[in-house]
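**Q** The structure file work15.cif (mmCIF, C-alpha atoms) is provided below.
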```
data_my_file
#
loop_
_atom_site.label_atom_id
_atom_site.label_comp_id
_atom_site.auth_asym_id
_atom_site.auth_seq_id
_atom_site.Cartn_x
_atom_site.Cartn_y
_atom_site.Cartn_z
CA MET A 1 2.60 20.76 5.61
CA SER A 2 0.77 19.98 2.37
CA ILE A 3 1.01 16.43 0.98
CA ARG A 4 2.85 16.63 -2.35
CA VAL A 5 1.33 14.38 -5.01
CA VAL A 6 2.48 13.29 -8.47
CA ILE A 7 -0.13 11.87 -10.86
CA ALA A 8 1.05 9.29 -13.42
CA ASP A 9 -1.49 8.28 -16.08
CA ASP A 10 -1.28 8.21 -19.87
CA GLN A 11 -4.80 9.65 -20.25
CA GLY A 12 -4.87 13.43 -19.99
CA LEU A 13 -8.53 13.64 -18.99
CA ILE A 14 -7.94 11.32 -16.06
CA ARG A 15 -4.98 13.39 -14.91
CA VAL A 16 -7.09 16.56 -15.09
CA GLY A 17 -9.83 14.94 -13.02
CA PHE A 18 -7.41 13.66 -10.39
CA ARG A 19 -5.65 17.01 -10.19
CA SER A 20 -8.94 18.84 -9.65
CA LEU A 21 -9.95 16.40 -6.91
CA ILE A 22 -6.60 16.39 -5.12
CA ASP A 23 -6.02 20.13 -5.36
CA SER A 24 -9.46 20.72 -3.84
CA ALA A 25 -8.34 18.98 -0.63
CA PRO A 26 -7.00 21.50 1.92
CA ASP A 27 -4.02 19.37 2.94
CA MET A 28 -2.58 18.26 -0.41
CA SER A 29 -1.51 19.56 -3.81
CA VAL A 30 -0.43 18.12 -7.16
CA VAL A 31 3.22 18.98 -7.87
CA GLY A 32 3.48 17.23 -11.24
CA GLU A 33 1.81 15.10 -13.90
CA ALA A 34 3.40 12.27 -15.90
CA ALA A 35 2.15 10.51 -19.03
CA ASN A 36 4.42 7.48 -18.62
CA GLY A 37 6.43 5.68 -15.99
CA GLN A 38 9.78 7.24 -16.78
CA GLU A 39 8.31 10.73 -16.53
CA ALA A 40 6.87 9.72 -13.17
CA VAL A 41 10.27 8.59 -11.86
CA ASP A 42 11.92 11.79 -13.08
CA LEU A 43 9.18 13.96 -11.56
CA VAL A 44 9.39 12.24 -8.20
CA ARG A 45 13.14 12.82 -8.09
CA GLU A 46 12.66 16.45 -9.10
CA THR A 47 9.74 17.34 -6.83
CA ARG A 48 10.39 15.02 -3.87
CA ALA A 49 6.72 14.12 -3.85
CA ASP A 50 5.21 12.33 -0.86
CA VAL A 51 2.76 10.15 -2.79
CA VAL A 52 2.55 9.01 -6.43
CA VAL A 53 -0.86 8.06 -7.82
CA MET A 54 0.34 5.53 -10.40
CA ASP A 55 -1.49 3.91 -13.28
CA ILE A 56 -0.23 0.47 -14.35
CA ARG A 57 -0.59 0.44 -18.12
CA MET A 58 1.45 3.28 -19.58
CA PRO A 59 3.81 3.55 -22.59
CA GLU A 60 7.63 3.45 -22.46
CA LEU A 61 7.74 2.32 -18.82
CA ASP A 62 4.64 0.94 -17.11
CA GLY A 63 3.53 1.73 -13.58
CA LEU A 64 5.01 -1.44 -12.10
CA GLY A 65 8.43 -0.72 -13.59
CA ALA A 66 8.27 2.87 -12.38
CA THR A 67 7.26 1.70 -8.91
CA ARG A 68 10.26 -0.64 -8.75
CA LEU A 69 12.63 2.17 -9.69
CA ILE A 70 11.15 4.56 -7.13
CA CYS A 71 11.05 2.06 -4.28
CA ALA A 72 14.58 0.80 -4.99
CA ASP A 73 16.04 4.32 -4.84
CA GLU A 74 17.35 5.02 -1.33
CA ASP A 75 17.10 8.75 -1.98
CA LEU A 76 13.34 8.30 -2.46
CA ALA A 77 12.78 6.19 0.65
CA GLY A 78 9.99 8.44 1.90
CA VAL A 79 7.94 8.27 -1.31
CA ARG A 80 4.79 6.14 -1.24
CA VAL A 81 3.20 4.69 -4.39
CA LEU A 82 -0.57 4.27 -4.72
CA ILE A 83 -1.43 2.02 -7.65
CA LEU A 84 -4.76 3.10 -9.15
CA THR A 85 -5.98 1.10 -12.13
CA THR A 86 -8.98 -0.38 -13.92
CA PHE A 87 -7.11 -3.68 -14.09
CA GLU A 88 -7.57 -4.94 -10.55
CA LEU A 89 -6.32 -8.44 -11.39
CA ASP A 90 -4.60 -10.77 -8.96
CA GLU A 91 -1.27 -10.76 -10.77
CA TYR A 92 -1.17 -6.97 -10.82
CA VAL A 93 -1.91 -6.79 -7.10
CA LEU A 94 0.92 -9.17 -6.30
CA GLU A 95 3.38 -7.53 -8.67
CA ALA A 96 2.52 -4.10 -7.29
CA ILE A 97 3.15 -5.20 -3.72
CA GLU A 98 6.38 -6.94 -4.65
CA ALA A 99 7.48 -3.83 -6.56
CA GLY A 100 7.09 -1.84 -3.36
CA ALA A 101 3.70 -0.16 -3.74
CA SER A 102 2.07 0.82 -0.44
CA GLY A 103 -1.48 0.97 -1.76
CA PHE A 104 -3.64 -0.54 -4.50
CA LEU A 105 -7.11 0.69 -5.49
CA GLY A 106 -9.39 0.28 -8.50
CA LYS A 107 -10.28 3.40 -10.49
CA SER A 108 -13.91 2.88 -9.53
CA VAL A 109 -13.03 4.09 -6.01
CA ASP A 110 -15.13 6.97 -4.66
CA PRO A 111 -13.39 10.39 -4.82
CA GLU A 112 -13.38 10.83 -1.05
CA ASP A 113 -11.82 7.37 -0.64
CA LEU A 114 -9.02 8.28 -3.03
CA VAL A 115 -8.23 11.43 -1.07
CA GLN A 116 -8.25 9.48 2.19
CA ALA A 117 -6.02 6.81 0.64
CA ILE A 118 -3.43 9.46 -0.21
CA ARG A 119 -3.55 10.68 3.40
CA THR A 120 -3.15 7.12 4.64
CA LEU A 121 -0.04 6.50 2.55
CA ALA A 122 1.46 9.91 3.39
CA ALA A 123 1.11 8.98 7.08
CA GLY A 124 3.26 5.90 6.48
CA ASP A 125 0.53 3.26 6.42
CA ALA A 126 -0.36 0.80 3.66
CA LEU A 127 -3.75 0.44 2.02
CA LEU A 128 -5.34 -2.27 -0.07
CA SER A 129 -8.83 -2.49 -1.50
CA PRO A 130 -10.91 -5.50 -0.34
CA LYS A 131 -10.38 -7.21 -3.70
CA ALA A 132 -6.65 -6.63 -3.54
CA THR A 133 -6.55 -8.00 0.01
CA ARG A 134 -8.36 -11.14 -1.11
CA ALA A 135 -5.85 -11.62 -3.92
CA LEU A 136 -3.01 -11.21 -1.46
CA ILE A 137 -4.51 -13.74 0.93
CA ASN A 138 -5.31 -16.26 -1.82
CA ARG A 139 -1.73 -16.11 -3.08
CA TYR A 140 0.15 -16.27 0.18
CA ALA A 141 -2.16 -18.24 2.47
CA ARG A 142 -1.52 -21.51 0.65
CA PRO A 143 1.80 -23.40 0.84
CA VAL A 144 4.35 -22.53 -1.85
CA GLU A 145 7.50 -24.37 -2.87
CA ALA A 146 9.69 -21.28 -2.73
CA GLU A 147 9.49 -17.98 -0.94
CA PRO A 148 8.01 -15.36 -3.30
CA PRO A 149 9.86 -12.09 -3.94
CA GLY A 150 9.36 -9.64 -1.11
CA ALA A 151 8.22 -12.28 1.36
CA VAL A 152 8.85 -11.69 5.05
CA ASP A 153 10.23 -14.22 7.52
CA SER A 154 7.04 -15.51 9.12
CA THR A 155 9.08 -17.68 11.50
CA LEU A 156 9.83 -14.51 13.44
CA LEU A 157 6.18 -14.15 14.50
CA PRO A 158 6.76 -16.08 17.77
CA ALA A 159 9.12 -13.26 18.77
CA LEU A 160 6.11 -10.95 19.04
CA THR A 161 4.46 -10.24 22.36
CA ASP A 162 0.93 -11.53 22.95
CA ARG A 163 -0.46 -8.05 22.36
CA GLU A 164 1.54 -7.63 19.15
CA ARG A 165 0.26 -10.98 17.86
CA GLU A 166 -3.27 -9.88 18.70
CA VAL A 167 -2.72 -6.64 16.79
CA VAL A 168 -1.24 -8.47 13.79
CA ALA A 169 -4.31 -10.71 13.67
CA LEU A 170 -6.55 -7.64 13.60
CA VAL A 171 -4.44 -6.06 10.84
CA ALA A 172 -4.82 -9.29 8.84
CA HIS A 173 -8.59 -8.97 9.16
CA GLY A 174 -8.38 -5.51 7.59
CA LEU A 175 -8.79 -3.31 10.66
CA THR A 176 -7.28 0.18 10.65
CA ASN A 177 -5.33 1.61 13.58
CA ASP A 178 -8.47 3.41 14.75
CA ASP A 179 -10.48 0.17 14.52
CA ILE A 180 -7.80 -1.69 16.48
CA ALA A 181 -7.69 1.03 19.11
CA GLU A 182 -11.45 0.82 19.58
CA ARG A 183 -11.40 -2.99 19.74
CA LEU A 184 -8.57 -3.11 22.32
CA PHE A 185 -9.57 -0.01 24.29
CA VAL A 186 -6.27 1.76 23.63
CA SER A 187 -5.35 4.99 21.87
CA PRO A 188 -4.81 5.04 18.08
CA LEU A 189 -1.18 6.01 18.74
CA THR A 190 -0.70 2.95 20.93
CA ALA A 191 -2.26 0.76 18.26
CA LYS A 192 0.04 2.22 15.61
CA THR A 193 3.05 1.66 17.87
CA HIS A 194 2.17 -2.03 18.24
CA VAL A 195 1.76 -2.37 14.47
CA ASN A 196 5.08 -0.65 13.77
CA ARG A 197 6.93 -2.80 16.30
CA ALA A 198 5.46 -5.95 14.81
CA MET A 199 6.50 -4.88 11.30
CA MET A 200 10.01 -4.15 12.51
CA LYS A 201 10.36 -7.53 14.25
CA VAL A 202 9.27 -9.59 11.23
CA GLY A 203 10.98 -7.36 8.67
CA ALA A 204 7.75 -6.27 7.00
CA ARG A 205 7.92 -3.13 4.87
CA ASP A 206 4.27 -2.28 5.48
CA ARG A 207 0.90 -3.65 6.58
CA ALA A 208 0.49 -5.67 3.38
CA GLN A 209 3.58 -7.71 4.19
CA LEU A 210 2.43 -8.03 7.78
CA VAL A 211 -0.77 -9.66 6.46
CA VAL A 212 1.41 -12.03 4.42
CA ALA A 213 3.34 -13.00 7.55
CA ALA A 214 0.15 -13.58 9.53
CA TYR A 215 -1.21 -16.04 6.96
CA GLN A 216 2.09 -17.74 6.17
CA SER A 217 2.72 -18.43 9.85
CA GLY A 218 -0.75 -19.84 10.45
CA LEU A 219 -1.59 -17.09 12.94
CA ILE A 220 -4.62 -16.40 10.75
CA ARG A 221 -6.28 -18.89 8.42
CA PRO A 222 -8.44 -18.12 5.37
CA GLY A 223 -12.07 -17.73 6.39
CA ALA A 224 -11.24 -17.21 10.06
CA GLN A 225 -12.99 -14.34 11.82
#
```
Would you kindly transcribe this structure into structure tokens?
**A**
Amino acid sequence: MSIRVVIADDQGLIRVGFRSLIDSAPDMSVVGEAANGQEAVDLVRETRADVVVMDIRMPELDGLGATRLICADEDLAGVRVLILTTFELDEYVLEAIEAGASGFLGKSVDPEDLVQAIRTLAAGDALLSPKATRALINRYARPVEAEPPGAVDSTLLPALTDREREVVALVAHGLTNDDIAERLFVSPLTAKTHVNRAMMKVGARDRAQLVVAAYQSGLIRPGAQ
């Protein structure tokens, strides 16, 4: 089945470029374009898109607000939001993750990487650019007085098996399921199963929150390899 994509960006030329790129991929198609966040929410509900490529700064309702509405709607539980913006600032990364976005990339990303990112999200995985991952780690790796919105219960990490803890550590270092499979000499499906079980046990929505849990619990420390 083709991956159904909605593009949300207030610049028409950018939407045209993204549509051309996405429609050229054999396994995906653009089912709608939105010039603001509210249009994006309406289109997602109408088309039942699989992935939304969402800009942050848009009129009427910005991308973060639209992401919150989409991710809070139980009828849209299968929709994944990929934030794509020129403003790859720490606060935007954190707000996007807390809003429910499953991926965050800068608009300088290579075309083939954007297409692969859409495939990654459609498969149910999360994706962060290296800069976004650093922002996530810098925010959550240090002690905080109160749990931030969207935080997972890192105290549940001891409930993981030794193999699951090993897999979580590899996820926190940015390894994909294929990378983990190669490192542990298991199949990619087995690696994904371990990741999914770990997310379920700690109540993480996606890999980004699993990284948060790994650093908050002390399983991984900043700078550790």
**Q** Go ahead and compute the interatomic distance for atom CA of Ile180 of chain A and atom CA of Leu82 of chain A, in Å to one decimal.
**A**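 About the pair atom CA of Ile180 of chain A and atom CA of Leu82 of chain A: they are 23.2 Å apart.
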**Q** Quick one, how far is atom CA of Val79 of chain A from atom CA of Ala49 of chain A?
**A**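 Between atom CA of Val79 of chain A and atom CA of Ala49 of chain A the gap works out to 6.5 Å.
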**Q** For Leu69 of chain A, which residue out of A:Val6, A:Ala204, A:Ala99, A:Val53 is the nearest one, using only C-alpha atoms?
**A**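 Using only C-alpha atoms, Leu69 of chain A sits closest to A:Ala99.
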**Q** The PyMOL selection byres ((chain A and resi 14-16) around 12) - which residues does that actually catch in the file I just gave you? List them as a VMD selection string.
**A** chain A and resid 5 to 13 17 to 23 30 32 to 36 53 to 55 84 to 86 107
**Q** Using C-alpha atoms, can you write the selected residues to a file as a compact mmCIF listing (two decimals), in the coordinates of the input?
**A**
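part-v7.txt was written with the following content:
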```txt
# COMPACT_ATOMS: atom_id res chain seq x y z
CA VAL A 5 1.33 14.38 -5.01
CA VAL A 6 2.48 13.29 -8.47
CA ILE A 7 -0.13 11.87 -10.86
CA ALA A 8 1.05 9.29 -13.42
CA ASP A 9 -1.49 8.28 -16.08
CA ASP A 10 -1.28 8.21 -19.87
CA GLN A 11 -4.80 9.65 -20.25
CA GLY A 12 -4.87 13.43 -19.99
CA LEU A 13 -8.53 13.64 -18.99
CA GLY A 17 -9.83 14.94 -13.02
CA PHE A 18 -7.41 13.66 -10.39
CA ARG A 19 -5.65 17.01 -10.19
CA SER A 20 -8.94 18.84 -9.65
CA LEU A 21 -9.95 16.40 -6.91
CA ILE A 22 -6.60 16.39 -5.12
CA ASP A 23 -6.02 20.13 -5.36
CA VAL A 30 -0.43 18.12 -7.16
CA GLY A 32 3.48 17.23 -11.24
CA GLU A 33 1.81 15.10 -13.90
CA ALA A 34 3.40 12.27 -15.90
CA ALA A 35 2.15 10.51 -19.03
CA ASN A 36 4.42 7.48 -18.62
CA VAL A 53 -0.86 8.06 -7.82
CA MET A 54 0.34 5.53 -10.40
CA ASP A 55 -1.49 3.91 -13.28
CA LEU A 84 -4.76 3.10 -9.15
CA THR A 85 -5.98 1.10 -12.13
CA THR A 86 -8.98 -0.38 -13.92
CA LYS A 107 -10.28 3.40 -10.49
```
**Q** Is it possible to dump segment 163-177 of chain A as a short mmCIF file (atom, residue, chain, number, x, y, z; two decimals), in the first residue's frame, including just all heavy atoms?
**A**
```cif
data_model
loop_
_atom_site.label_atom_id
_atom_site.label_comp_id
_atom_site.auth_asym_id
_atom_site.auth_seq_id
_atom_site.Cartn_x
_atom_site.Cartn_y
_atom_site.Cartn_z
N ARG A 163 18.83 -7.84 27.99
CA ARG A 163 18.91 -7.59 26.55
C ARG A 163 18.15 -6.31 26.18
O ARG A 163 18.61 -5.53 25.35
CB ARG A 163 18.37 -8.79 25.78
CG ARG A 163 18.30 -8.63 24.24
CD ARG A 163 19.59 -8.05 23.64
NE ARG A 163 20.76 -8.84 23.81
CZ ARG A 163 21.22 -9.73 22.93
NH1 ARG A 163 20.57 -9.94 21.81
NH2 ARG A 163 22.34 -10.38 23.17
N GLU A 164 17.00 -6.09 26.81
CA GLU A 164 16.23 -4.89 26.52
C GLU A 164 16.99 -3.64 26.95
O GLU A 164 16.99 -2.61 26.25
CB GLU A 164 14.87 -4.95 27.20
CG GLU A 164 13.91 -5.93 26.54
CD GLU A 164 12.69 -6.26 27.38
OE1 GLU A 164 12.66 -5.86 28.58
OE2 GLU A 164 11.78 -6.93 26.87
N ARG A 165 17.67 -3.71 28.09
CA ARG A 165 18.48 -2.57 28.55
C ARG A 165 19.62 -2.31 27.58
O ARG A 165 19.97 -1.16 27.30
CB ARG A 165 19.01 -2.84 29.95
CG ARG A 165 17.94 -2.78 31.03
CD ARG A 165 18.44 -3.37 32.35
NE ARG A 165 19.55 -2.60 32.91
CZ ARG A 165 19.40 -1.52 33.68
NH1 ARG A 165 18.18 -1.08 33.96
NH2 ARG A 165 20.43 -0.90 34.17
N GLU A 166 20.21 -3.38 27.08
CA GLU A 166 21.28 -3.25 26.10
C GLU A 166 20.76 -2.57 24.84
O GLU A 166 21.42 -1.69 24.27
CB GLU A 166 21.84 -4.63 25.77
CG GLU A 166 23.05 -4.62 24.85
CD GLU A 166 23.59 -6.02 24.60
OE1 GLU A 166 22.89 -7.01 24.92
OE2 GLU A 166 24.72 -6.12 24.08
N VAL A 167 19.58 -2.97 24.40
CA VAL A 167 18.98 -2.39 23.20
C VAL A 167 18.63 -0.92 23.42
O VAL A 167 18.86 -0.08 22.55
CB VAL A 167 17.72 -3.20 22.79
CG1 VAL A 167 16.91 -2.44 21.74
CG2 VAL A 167 18.12 -4.56 22.25
N VAL A 168 18.08 -0.60 24.60
CA VAL A 168 17.76 0.79 24.90
C VAL A 168 19.00 1.67 24.85
O VAL A 168 18.98 2.79 24.34
CB VAL A 168 17.08 0.91 26.29
CG1 VAL A 168 16.97 2.36 26.73
CG2 VAL A 168 15.69 0.28 26.26
N ALA A 169 20.11 1.16 25.38
CA ALA A 169 21.36 1.90 25.35
C ALA A 169 21.80 2.18 23.92
O ALA A 169 22.26 3.28 23.58
CB ALA A 169 22.45 1.13 26.10
N LEU A 170 21.62 1.20 23.04
CA LEU A 170 21.99 1.38 21.64
C LEU A 170 21.06 2.38 20.95
O LEU A 170 21.51 3.19 20.13
CB LEU A 170 21.97 0.04 20.91
CG LEU A 170 23.01 -0.98 21.40
CD1 LEU A 170 22.83 -2.32 20.69
CD2 LEU A 170 24.42 -0.45 21.18
N VAL A 171 19.78 2.33 21.29
CA VAL A 171 18.83 3.32 20.75
C VAL A 171 19.26 4.72 21.18
O VAL A 171 19.23 5.67 20.39
CB VAL A 171 17.40 3.02 21.24
CG1 VAL A 171 16.46 4.18 20.90
CG2 VAL A 171 16.87 1.74 20.61
N ALA A 172 19.67 4.86 22.44
CA ALA A 172 20.08 6.17 22.97
C ALA A 172 21.32 6.71 22.27
O ALA A 172 21.54 7.92 22.23
CB ALA A 172 20.32 6.07 24.47
N HIS A 173 22.12 5.81 21.72
CA HIS A 173 23.30 6.23 20.97
C HIS A 173 22.98 6.48 19.50
O HIS A 173 23.87 6.76 18.70
CB HIS A 173 24.40 5.17 21.07
CG HIS A 173 25.10 5.16 22.40
ND1 HIS A 173 25.66 6.29 22.96
CD2 HIS A 173 25.32 4.16 23.29
CE1 HIS A 173 26.20 5.98 24.12
NE2 HIS A 173 26.00 4.71 24.35
N GLY A 174 21.69 6.39 19.14
CA GLY A 174 21.27 6.74 17.79
C GLY A 174 21.26 5.61 16.79
O GLY A 174 21.10 5.85 15.58
N LEU A 175 21.38 4.38 17.23
CA LEU A 175 21.41 3.25 16.30
C LEU A 175 19.99 2.91 15.82
O LEU A 175 19.04 2.97 16.59
CB LEU A 175 22.04 2.01 16.94
CG LEU A 175 23.57 1.90 16.85
CD1 LEU A 175 24.23 3.00 17.65
CD2 LEU A 175 24.04 0.53 17.30
N THR A 176 19.87 2.56 14.56
CA THR A 176 18.60 2.11 14.01
C THR A 176 18.40 0.63 14.34
O THR A 176 19.31 -0.04 14.86
CB THR A 176 18.58 2.26 12.48
OG1 THR A 176 19.57 1.38 11.91
CG2 THR A 176 18.90 3.70 12.07
N ASN A 177 17.22 0.10 14.02
CA ASN A 177 16.97 -1.32 14.26
C ASN A 177 17.96 -2.19 13.48
O ASN A 177 18.43 -3.20 13.99
CB ASN A 177 15.54 -1.68 13.86
CG ASN A 177 14.52 -1.12 14.83
OD1 ASN A 177 14.85 -0.79 15.97
ND2 ASN A 177 13.29 -1.00 14.38
#
```
